[in-house]
Every structure is written in C-alpha cells, then in structure tokens.
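Coordinates from start-v1.csv are shown below (CSV, C-alpha atoms).
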chain,number,residue,atom,x,y,z
D,1,MET,CA,-8.8,0.3,-14.5
D,2,THR,CA,-11.2,-1.6,-12.2
D,3,GLY,CA,-14.5,-1.1,-14.1
D,4,ASP,CA,-16.1,0.8,-11.2
D,5,PRO,CA,-16.3,4.5,-12.0
D,6,GLY,CA,-16.2,5.5,-8.3
D,7,VAL,CA,-13.1,3.4,-7.6
D,8,ASP,CA,-11.4,4.6,-10.9
D,9,ALA,CA,-12.0,8.2,-9.9
D,10,LEU,CA,-10.5,7.5,-6.4
D,11,ILE,CA,-7.4,6.0,-8.0
D,12,ARG,CA,-7.0,8.9,-10.4
D,13,GLN,CA,-7.4,11.4,-7.5
D,14,TRP,CA,-4.9,9.4,-5.4
D,15,ALA,CA,-2.4,9.4,-8.3
D,16,ALA,CA,-2.9,13.2,-8.9
D,17,GLU,CA,-2.3,13.9,-5.2
D,18,ARG,CA,1.0,12.0,-5.3
D,19,GLU,CA,2.4,14.0,-8.3
D,20,ARG,CA,5.2,16.0,-6.6
D,21,SER,CA,6.8,19.3,-7.7
D,22,PRO,CA,10.6,19.6,-7.4
D,23,GLU,CA,10.1,21.7,-4.3
D,24,ASP,CA,8.0,19.0,-2.7
D,25,GLN,CA,10.5,16.3,-3.6
D,26,GLU,CA,13.3,18.4,-1.9
D,27,VAL,CA,11.2,18.8,1.2
D,28,ASP,CA,10.6,15.1,1.3
D,29,ARG,CA,14.3,14.4,0.8
D,30,ILE,CA,15.2,16.7,3.7
D,31,ALA,CA,12.5,15.2,6.0
D,32,THR,CA,13.6,11.7,5.1
D,33,ALA,CA,17.2,12.5,5.9
D,34,TRP,CA,16.3,14.1,9.2
D,35,LEU,CA,14.0,11.2,10.2
D,36,ALA,CA,16.8,8.7,9.3
D,37,GLU,CA,18.9,10.3,12.0
D,38,ALA,CA,16.3,9.7,14.7
D,39,PRO,CA,16.4,6.5,16.8
D,40,GLN,CA,14.5,3.7,15.2
D,41,VAL,CA,11.5,2.6,17.3
D,42,PRO,CA,9.4,-0.3,16.0
D,43,PRO,CA,5.7,0.5,15.5
D,44,GLY,CA,3.5,-0.8,18.3
D,45,ILE,CA,0.4,-0.2,20.3
D,46,PRO,CA,0.3,0.5,24.1
D,47,GLY,CA,0.0,-2.4,26.4
D,48,GLN,CA,-3.3,-2.9,28.2
D,49,ARG,CA,-3.7,-0.8,31.3
D,50,GLY,CA,-4.9,-3.6,33.5
D,51,ARG,CA,-1.4,-5.0,33.7
D,52,GLY,CA,0.9,-3.7,36.4
D,53,GLY,CA,4.2,-2.0,35.9
D,54,ALA,CA,5.4,0.2,33.2
D,55,SER,CA,3.5,0.5,30.0
D,56,ARG,CA,5.0,-1.6,27.2
D,57,TRP,CA,4.5,-1.8,23.5
D,58,GLU,CA,3.2,-4.7,21.5
D,59,GLN,CA,4.5,-5.3,17.9
D,60,VAL,CA,2.0,-4.6,15.1
D,61,ASP,CA,1.8,-7.4,12.6
D,62,ALA,CA,2.3,-6.5,8.9
D,63,THR,CA,-0.7,-6.6,6.5
D,64,ASP,CA,-2.0,-10.1,5.8
D,65,PRO,CA,-0.1,-11.4,2.7
D,66,GLY,CA,-3.2,-13.4,1.7
D,67,LEU,CA,-5.3,-10.2,1.6
D,68,LEU,CA,-2.7,-8.3,-0.4
D,69,ALA,CA,-2.4,-11.2,-2.9
D,70,ALA,CA,-6.2,-11.4,-3.3
D,71,MET,CA,-6.4,-7.6,-3.9
D,72,ARG,CA,-3.5,-7.6,-6.3
D,73,GLN,CA,-5.1,-10.4,-8.3
D,74,ARG,CA,-8.3,-8.5,-8.7
D,75,LEU,CA,-6.8,-5.1,-9.1
D,76,PRO,CA,-3.6,-5.5,-11.3
D,77,GLY,CA,-3.3,-1.9,-12.3
D,78,VAL,CA,-3.7,-0.3,-8.9
D,79,PRO,CA,-0.7,1.2,-7.1
D,80,ALA,CA,0.7,-1.0,-4.4
D,81,GLU,CA,0.4,1.8,-1.7
D,82,LEU,CA,-3.3,2.1,-2.3
D,83,ILE,CA,-3.8,-1.7,-2.2
D,84,THR,CA,-1.7,-1.9,1.0
D,85,ALA,CA,-3.9,0.8,2.6
D,86,ALA,CA,-7.1,-0.8,1.6
D,87,ALA,CA,-5.9,-4.2,2.8
D,88,GLY,CA,-5.0,-2.6,6.2
D,89,TRP,CA,-8.5,-1.3,6.5
D,90,TRP,CA,-10.0,-4.7,5.8
D,91,GLN,CA,-7.6,-6.5,8.0
D,92,MET,CA,-8.8,-4.4,11.0
D,93,VAL,CA,-12.4,-5.5,10.5
D,94,GLY,CA,-12.4,-8.9,8.9
D,95,ASP,CA,-10.5,-11.5,6.8
D,96,VAL,CA,-9.8,-12.2,3.2
D,97,ASP,CA,-13.0,-14.2,2.7
D,98,GLU,CA,-15.2,-11.4,4.0
D,99,ALA,CA,-13.5,-8.8,1.8
D,100,GLU,CA,-14.0,-11.1,-1.2
D,101,ARG,CA,-17.7,-11.6,-0.3
D,102,TRP,CA,-18.1,-7.8,-0.3
D,103,TRP,CA,-16.3,-7.5,-3.5
D,104,ASP,CA,-18.4,-10.2,-5.2
D,105,ALA,CA,-21.5,-8.4,-3.9
D,106,GLY,CA,-20.5,-5.3,-5.8
D,107,MET,CA,-18.4,-3.3,-3.3
D,108,SER,CA,-14.7,-2.9,-4.0
D,109,PRO,CA,-12.5,-3.1,-0.9
D,110,LEU,CA,-10.9,0.1,-2.2
D,111,ASP,CA,-14.2,1.8,-1.6
D,112,GLN,CA,-14.2,3.1,2.0
D,113,ARG,CA,-18.0,3.1,2.0
D,114,ALA,CA,-18.0,-0.7,2.2
D,115,LEU,CA,-16.5,-0.4,5.7
D,116,ASP,CA,-19.2,2.1,6.6
D,117,TYR,CA,-21.9,-0.2,5.4
D,118,ARG,CA,-20.5,-3.1,7.4
D,119,ALA,CA,-20.3,-0.9,10.5
D,120,ALA,CA,-24.0,0.1,10.0
D,121,GLY,CA,-25.0,-3.6,10.1
D,122,LEU,CA,-25.2,-4.6,6.5
D,123,THR,CA,-23.7,-7.9,5.2
D,124,PRO,CA,-22.6,-8.7,1.6
D,125,ASP,CA,-25.8,-10.8,1.2
D,126,ASP,CA,-27.9,-7.8,2.1
D,127,LEU,CA,-26.7,-5.8,-0.9
D,128,ALA,CA,-28.6,-8.0,-3.3
D,129,ARG,CA,-31.9,-7.9,-1.4
D,130,ARG,CA,-34.7,-5.9,-2.8
D,131,LEU,CA,-36.2,-2.9,-1.1
D,132,GLY,CA,-39.1,-2.1,-3.4
D,133,PRO,CA,-38.0,-1.8,-7.0
D,134,LEU,CA,-34.3,-1.4,-6.1
D,135,THR,CA,-31.7,-3.6,-4.4
D,136,VAL,CA,-30.0,-2.4,-1.3
D,137,LEU,CA,-26.8,-1.7,-3.2
D,138,GLU,CA,-28.8,0.4,-5.7
D,139,HIS,CA,-30.3,2.4,-2.9
D,140,LEU,CA,-26.9,3.0,-1.4
D,141,ARG,CA,-25.4,4.1,-4.7
D,142,ARG,CA,-28.3,6.6,-5.0
D,143,GLY,CA,-27.4,8.1,-1.7
D,144,SER,CA,-29.7,6.3,0.8
D,145,ALA,CA,-28.3,6.1,4.3
D,146,PRO,CA,-27.0,2.7,5.4
D,147,ALA,CA,-29.0,2.9,8.6
D,148,TRP,CA,-32.2,3.5,6.6
D,149,CYS,CA,-31.4,0.3,4.6
D,150,VAL,CA,-30.7,-1.7,7.7
D,151,ALA,CA,-34.0,-0.5,9.3
D,152,ARG,CA,-36.0,-1.3,6.1
D,153,LEU,CA,-34.4,-4.8,5.9
D,154,ALA,CA,-35.3,-5.4,9.6
D,155,ARG,CA,-38.9,-4.3,9.0
D,156,GLN,CA,-39.0,-6.5,5.9
D,157,ARG,CA,-37.8,-9.5,8.0
D,158,ARG,CA,-40.3,-8.7,10.7
D,159,ASP,CA,-43.2,-8.5,8.3
D,160,ALA,CA,-42.2,-11.8,6.7
D,161,ALA,CA,-42.0,-13.6,10.1
D,162,GLY,CA,-45.4,-12.2,11.2

With the file now loaded, output its structure as structure tokens.
Amino acid sequence: MTGDPGVDALIRQWAAERERSPEDQEVDRIATAWLAEAPQVPPGIPGQRGRGGASRWEQVDATDPGLLAAMRQRLPGVPAELITAAAGWWQMVGDVDEAERWWDAGMSPLDQRALDYRAAGLTPDDLARRLGPLTVLEHLRRGSAPAWCVARLARQRRDAAG
C-alpha cells in the first residue's frame, strides 16, 4: 500500500480489527440507536480555570482540511478513518509543513513513533544525520532509543564546536 512495511502492517492490523461479526454489528446498531436518543452535546474542552464564574466549554475545531488533503494525496489506499486519526495526532503538535518534512525524511505520519521522536527532541533533519556508520533513522529502526540518539547528536555537535 504505502511501501513502508511497518505502516502496511499497521493498516492490515487496523483493517482486521474492524472486521465485525454479525453479533458485533447488532451490538453497534443497538448502541447507536441508544446514543441517538441522548441529548446532543457538541464536543468541547473545559474553559480555563482562571476565569471566574461557571466552567464553560470551547468548541473543538475539526481536523485541518489541508492536512487531510496532504495525507490523502500521499496515501490513496488508506482508509479515511485512519488518515483522520493520524491527521488529528499531527494537528495537535504541528502543521502540514512539519508533517510533510517528517514524511520526506522517512517517517510516515501514520507511524505513531514519529510523534515520539519529535517529543524526544528530534527533528526531520536529524533523521539523515550520521551517528557512526548508520543514520539516526537507521538507528531508530534498529531499536535505539530516541533519547540516546538525541544525546549522541548533542555530543556530536559539542565535539564539532570545540
């Protein structure tokens, strides 16, 4: 599908998990009917506590259409639900340009590890840097901890400056 074996395996697993038996479909139908009777409350997040008065809810914006379009363009065969979930993850931490830079560096936005690497302090440019005979991305794919890669890169920069 995508050319990345890890992402393809994730998509296959996601599709298998969503195959529903007739009993599961009946349970979903009953739950949907029951929830349809409940009062509709728009999604939101609690207001900030520093404000006086009763707590209020702020509307949550939908997923950025630009991010969804970029993901659909690069992943034409991936189910829309998976693309929407991945776009939502990326929307929380960055923008379309950043997600595309990670993608161009070799990390699919569908791969949750990209967000972990970002949180550890790695940038898309870091993935191509060499740590010994391997690039950072190769180290990560072989199981090296992102924090180890960040520390090695920092040491490399310190040694180059000194």

CA of Ala120 (chain D) and CA of Ala70 (chain D), how far apart in Å?
->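 These two atoms are separated by 25.0 Å.
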
Find the residue from D:Gln25, D:Leu122, D:Trp14, D:Thr135 that sits nearest to Ala85 (chain D); use only C-alpha atoms when measuring.
->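 Checking each candidate against Ala85 (chain D), we get D:Trp14 as the closest.
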
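Look at Ile11 (chain D): the protein and nucleic acid residues within 12 Å of it, using only C-alpha atoms and passing over chain neighbours fewer than 2 places away, are Met1, Thr2, Gly3, Asp4, Pro5, Gly6, Val7, Asp8, Ala9, Gln13, Trp14, Ala15, Ala16, Glu17, Arg18, Leu75, Gly77, Val78, Pro79, Ala80, Glu81, Leu82, Ile83, Ala86, Leu110 and Asp111 of chain D.
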
Coordinates-based distance that separates CA of Arg152 (chain D) from CA of Gly106 (chain D) (Å, one decimal) =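 So the answer is 19.9 Å.
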
Work out how far apart CA of Pro124 (chain D) and CA of Arg101 (chain D) are and give it in Å to one decimal.
->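 So the answer is 6.0 Å.
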
Compile the contact shell of Glu98 (chain D) as a ChimeraX atom specification: residues with an atom at most 12 Å away, counting only C-alpha atoms, same-chain residues fewer than 5 positions apart removed.
-> /D:67,70,87,90-93,103-105,107-109,114-115,118,123-125

Determine, counting all atoms listed in the file, which protein, DNA and RNA residues have an atom within 10 Å of an atom of Arg130 (chain D); residues of the same chain fewer than 6 positions away are not included. Present the result as a PDB file with C-alpha atoms, keeping the file's coordinate frame.
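Result file is selection30.pdb:
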ATOM      1  CA  VAL D 136     -30.000  -2.400  -1.300  1.00  0.00           C
ATOM      2  CA  LEU D 137     -26.800  -1.700  -3.200  1.00  0.00           C
ATOM      3  CA  GLU D 138     -28.800   0.400  -5.700  1.00  0.00           C
ATOM      4  CA  HIS D 139     -30.300   2.400  -2.900  1.00  0.00           C
ATOM      5  CA  LEU D 153     -34.400  -4.800   5.900  1.00  0.00           C
ATOM      6  CA  GLN D 156     -39.000  -6.500   5.900  1.00  0.00           C
TER       7      GLN D 156
END

Residue nearest Leu131 (chain D) among D:Met71, D:Cys149, D:Ala33, D:Ala119 (counting all atoms listed in the file) =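 Comparing D:Met71, D:Cys149, D:Ala33, D:Ala119 against Leu131 (chain D), the winner is D:Cys149.
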